[in-house]
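Some notes on the structure that comes next.
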Amino acid sequence: MSRCKGYAALKARDALQPYSFERREPGDHDVVIDIKYCGICHSDIHQARDEWSEYQEEAIFPMVPGHEIAGIVQAVGGKVTKHKVGDKVGVGCFVDSCRSCPECKAGLEQYCSVHTVWTYNARDTQGAPTYGGYSDRIVVDENYVLRMPGNLPLEACAPLLCAGITLYSPLRHWKAGPGKSVAIVGLGGLGHMGVKLAHSMGAEVTVLSQSLKKQADGKRLGADHFYATSDLETFSKLAGSFDLIINTVSAQIDWSQFLDLLKLDGTMVIVGLPEKDIPVGAFSLTARRRSIAGSQIGGIRETQEMLDFCSRQGIACDVEVVPIQKVNEAYQRVLESDVRYRFVIDIASLKS
Ligand code: NAP
Ligand code: ZN
Ligand code: ZN
């Protein structure tokens, strides 16, 4: 075992504080990563506050959050072939899976029907708790480690590992592209990547935000249109307009009101994860043969495809880099929708 430094919530809703803990010694297939940056995802906040207790077997405290991990390979096990010392690498939301179920075989490890090992707040195959990227180092099997774009700043790429892939995967699955009208609901960490990615895929992109405060940013990120959902006219004006809506909102909203914005055969994909079930009006679905669907991050193969796509297109995240000592303030600002558009922790600050 080797000692690591990080920040943890000691129990649900506690402020995060300095914490040291053990990680396993690297095995033959492991990569040891010197973590440089870690994004702050709203899921970190949900979990540190234990807001998903209705849907999760257990929440494990002390909890070291963080699943948008970017760093440099420090050492590799004897049988590692995919990565070498000095490489720029990343780790997203999971660090292992069963590797043999149909989903794993199809490269959809995030839907593993046996056991996806989440990067933190989970148990590994030996039953030991996992700890995330708000820490100086992580040990991960080479098959769950991604190659980061060499041509883009590492800090701006870290959030691609969750925010980026969570939008890329449904945009590809529901075929966003030329001739398709796509709405992104909520311009936060996930939403701003949705705008950049859908625009680069050639879709006509509309942002539906609570107010017009972020309008100039939305347009700069690639949106063709921007509407405030606080203005009720938005819903009458845009009724029946979209082929695809991706809903990133982390709170309760009027879901049927958004479904009514879909065209015939349109789909609303839920990626935001509020703490309670979402009520949906049957008539909003039947009226135009509409669908409601969900999507969860992406598999290793698709995450690498997304990173390579972003590298070619020159797409990275708009980030505000903060020292780890400011993590609790950053959480508060995310909760107030006051993030432009992803906080990223500079892990070097752990040393100070
Ligand atoms: P975020 O940065 O906080 O963005 C969420 C955005 O939703 C906010 O910026 C805000 O946008 C809007 N919003 C917030 N509260 C709202 C309210 N009460 N009513 C209407 N709109 C509201 O969060 P994120 O990191 O993008 O994550 C968003 C959600 O996705 C979280 O629930 C997270 O857990 C989940 N998530 C899911 C997956 C997956 O695989 N499915 C992956 C990662 C995260 P405006 O200011 O533009 O209104
Ligand atoms: Zn996330
Ligand atoms: Zn599996």
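Chains: A, B, ... in order of the structure tokens. Residues: from 1 per chain. Ligands: from 1, in order shown.
Proximity to region 161-173 of chain A at 6 Å, evaluated using only C-alpha atoms and with sequence-adjacent residues fewer than 2 positions away removed, yields Glu68, Gly92, Ala158, Pro159, Lys175, Ala176, Leu190, Met193, Gly194, Ile297, Gly298 and Thr303 of chain A.
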Write the residues of the selection above to a file with all heavy atoms, as a CSV table (one decimal), in the first residue's frame.
chain,number,residue,atom,x,y,z
A,68,GLU,N,-12.9,13.3,-13.1
A,68,GLU,CA,-12.4,14.0,-14.3
A,68,GLU,C,-10.9,14.2,-14.1
A,68,GLU,O,-10.5,15.3,-13.9
A,68,GLU,CB,-13.2,15.3,-14.6
A,68,GLU,CG,-14.7,15.1,-14.8
A,68,GLU,CD,-15.4,16.4,-15.1
A,68,GLU,OE1,-15.0,17.5,-14.7
A,68,GLU,OE2,-16.5,16.3,-15.8
A,92,GLY,N,-11.8,8.5,-16.1
A,92,GLY,CA,-13.2,9.1,-16.0
A,92,GLY,C,-13.9,8.5,-14.8
A,92,GLY,O,-13.3,8.3,-13.8
A,158,ALA,N,-9.5,17.9,-18.8
A,158,ALA,CA,-9.9,17.0,-17.7
A,158,ALA,C,-11.4,16.8,-17.7
A,158,ALA,O,-11.9,15.6,-17.7
A,158,ALA,CB,-9.4,17.5,-16.4
A,159,PRO,N,-12.2,17.8,-17.9
A,159,PRO,CA,-13.7,17.6,-17.8
A,159,PRO,C,-14.3,16.9,-19.0
A,159,PRO,O,-15.4,16.5,-19.0
A,159,PRO,CB,-14.2,19.1,-17.7
A,159,PRO,CG,-13.1,19.9,-17.2
A,159,PRO,CD,-11.9,19.3,-17.9
A,175,LYS,N,-27.9,10.6,-33.2
A,175,LYS,CA,-27.5,11.1,-34.5
A,175,LYS,C,-27.7,12.6,-34.7
A,175,LYS,O,-28.3,13.1,-35.7
A,175,LYS,CB,-28.3,10.4,-35.6
A,175,LYS,CG,-28.0,8.9,-35.5
A,175,LYS,CD,-28.6,8.1,-36.7
A,175,LYS,CE,-28.1,6.7,-36.8
A,175,LYS,NZ,-28.0,5.9,-35.5
A,176,ALA,N,-27.1,13.4,-33.8
A,176,ALA,CA,-27.1,14.8,-34.0
A,176,ALA,C,-26.2,15.1,-35.2
A,176,ALA,O,-25.2,14.5,-35.3
A,176,ALA,CB,-26.5,15.5,-32.7
A,190,LEU,N,-21.9,20.2,-18.1
A,190,LEU,CA,-22.3,19.3,-19.2
A,190,LEU,C,-22.9,20.1,-20.3
A,190,LEU,O,-22.5,19.8,-21.5
A,190,LEU,CB,-23.4,18.3,-18.7
A,190,LEU,CG,-23.0,16.9,-18.1
A,190,LEU,CD1,-21.9,17.1,-17.0
A,190,LEU,CD2,-24.2,16.1,-17.6
A,193,MET,N,-20.5,21.7,-22.8
A,193,MET,CA,-19.9,20.8,-23.7
A,193,MET,C,-20.9,20.3,-24.8
A,193,MET,O,-20.5,20.0,-25.9
A,193,MET,CB,-19.3,19.6,-23.0
A,193,MET,CG,-18.0,20.0,-22.2
A,193,MET,SD,-16.9,21.0,-23.2
A,193,MET,CE,-16.5,19.9,-24.5
A,194,GLY,N,-22.2,20.2,-24.4
A,194,GLY,CA,-23.2,19.8,-25.3
A,194,GLY,C,-23.3,20.8,-26.5
A,194,GLY,O,-23.4,20.4,-27.6
A,297,ILE,N,-22.8,8.6,-19.1
A,297,ILE,CA,-21.4,8.7,-19.6
A,297,ILE,C,-21.1,8.0,-20.9
A,297,ILE,O,-21.9,8.1,-21.8
A,297,ILE,CB,-20.3,8.4,-18.5
A,297,ILE,CG1,-20.7,7.1,-17.7
A,297,ILE,CG2,-20.2,9.6,-17.6
A,297,ILE,CD1,-19.6,6.6,-16.8
A,298,GLY,N,-20.0,7.2,-21.0
A,298,GLY,CA,-19.7,6.5,-22.2
A,298,GLY,C,-18.7,5.4,-21.9
A,298,GLY,O,-18.0,5.5,-20.8
A,303,THR,N,-15.2,6.9,-25.2
A,303,THR,CA,-14.5,8.0,-24.6
A,303,THR,C,-13.2,8.4,-25.3
A,303,THR,O,-12.9,9.5,-25.5
A,303,THR,CB,-14.2,7.7,-23.1
A,303,THR,OG1,-15.4,7.3,-22.5
A,303,THR,CG2,-13.6,8.9,-22.3
Query - Contacts of Gly189 (chain A) at 8 Å (only C-alpha atoms; same-chain gap of 3+ positions) as a ChimeraX atom specification - result: /A:41,163,192-193,339-342
Output the selection as a compact mmCIF listing (two decimals), in the first residue's frame - C-alpha atoms for each residue.
# COMPACT_ATOMS: atom_id res chain seq x y z
CA CYS A 41 -18.65 17.57 -11.58
CA ALA A 163 -18.91 16.29 -18.98
CA HIS A 192 -21.58 23.91 -22.36
CA MET A 193 -19.89 20.79 -23.75
CA VAL A 339 -19.76 28.35 -12.95
CA ARG A 340 -18.26 29.37 -16.32
CA TYR A 341 -18.32 26.50 -17.14
CA ARG A 342 -16.32 23.94 -15.16
Report task. Can you check which residues of region 22-89 of chain A DSSP gives as alpha helix (DSSP H) on the backbone and send them as JSON, numbers by chain? Result -> {"A": [42, 43, 44, 45, 46, 47, 48]}
Requested in this report: Write out as a VMD selection string which residues come within 10 Å of Ala70 (chain A) when counting only C-alpha atoms, dropping same-chain ones fewer than 6 positions away.
Outcome: chain A and resid 33 to 39 88 to 92 133 145 to 148 154 to 161 347
Query - Selection within 9 Å of ligand 3 by only C-alpha atoms and all ligand atoms, output as JSON, numbers by chain - result: {"A": [97, 98, 99, 100, 101, 102, 103, 104, 105, 108, 109, 110, 111, 112, 113, 114, 115, 116]}
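Inspection of the environment of ligand 1, which uses only C-alpha atoms and all ligand atoms and a cut-off of 6 Å, identifies the neighbouring residues as Cys41, His42, Ser43, Cys162, Ala163, Thr166, Gly186, Leu187, Gly188, Gly189, Leu190, Gly191, Ser209, Gln210, Thr248, Val249, Ser250, Ala251, Ile253, Val271, Gly272, Leu273, Pro274, Ser295, Gln296, Ile297, Val334, Leu335 and Ser337 of chain A.
Taking CA of Thr81 (chain A) and CA of Val95 (chain A) as the two end points, the separation is 17.3 Å.
Excluding region 230-237 of chain A itself and any same-chain residue fewer than 5 positions from it, the protein and nucleic acid residues within 8 Å of it, counting only C-alpha atoms, are Gln210, Ser211, Gln257, Phe258 and Leu261 of chain A.
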Only N, CA, C and O atoms, please: the residues just picked out, written as a PDB file, in the first residue's frame.
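Resulting contents of selection.pdb:
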ATOM      1  N   GLN A 210     -32.081  29.106 -17.639  1.00  0.00           N
ATOM      2  CA  GLN A 210     -33.095  29.715 -16.775  1.00  0.00           C
ATOM      3  C   GLN A 210     -33.300  31.193 -17.074  1.00  0.00           C
ATOM      4  O   GLN A 210     -34.385  31.712 -16.927  1.00  0.00           O
ATOM      5  N   SER A 211     -32.217  31.875 -17.484  1.00  0.00           N
ATOM      6  CA  SER A 211     -32.325  33.310 -17.783  1.00  0.00           C
ATOM      7  C   SER A 211     -31.474  33.597 -19.018  1.00  0.00           C
ATOM      8  O   SER A 211     -30.871  32.680 -19.584  1.00  0.00           O
ATOM      9  N   GLN A 257     -43.411  20.033 -19.836  1.00  0.00           N
ATOM     10  CA  GLN A 257     -43.273  21.292 -20.571  1.00  0.00           C
ATOM     11  C   GLN A 257     -42.133  21.190 -21.598  1.00  0.00           C
ATOM     12  O   GLN A 257     -42.257  21.687 -22.715  1.00  0.00           O
ATOM     13  N   PHE A 258     -41.055  20.497 -21.220  1.00  0.00           N
ATOM     14  CA  PHE A 258     -39.921  20.333 -22.145  1.00  0.00           C
ATOM     15  C   PHE A 258     -40.244  19.302 -23.224  1.00  0.00           C
ATOM     16  O   PHE A 258     -39.879  19.472 -24.388  1.00  0.00           O
ATOM     17  N   LEU A 261     -41.789  20.424 -26.405  1.00  0.00           N
ATOM     18  CA  LEU A 261     -40.956  21.143 -27.386  1.00  0.00           C
ATOM     19  C   LEU A 261     -40.437  20.211 -28.487  1.00  0.00           C
ATOM     20  O   LEU A 261     -39.823  20.664 -29.450  1.00  0.00           O
TER      21      LEU A 261
END
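Comparing the minimum interatomic distances between Cys310 (chain A) and each of A:Pro149, A:Pro26, A:Gly240, A:Gly179, counting only C-alpha atoms, we find that A:Pro149 sits nearest.
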Query raised in the report: So which residues touch Pro279 (chain A) within 12 Å, counting only C-alpha atoms, skipping near sequence neighbours fewer than 3 positions away, as a count of residues only?
Result: 12
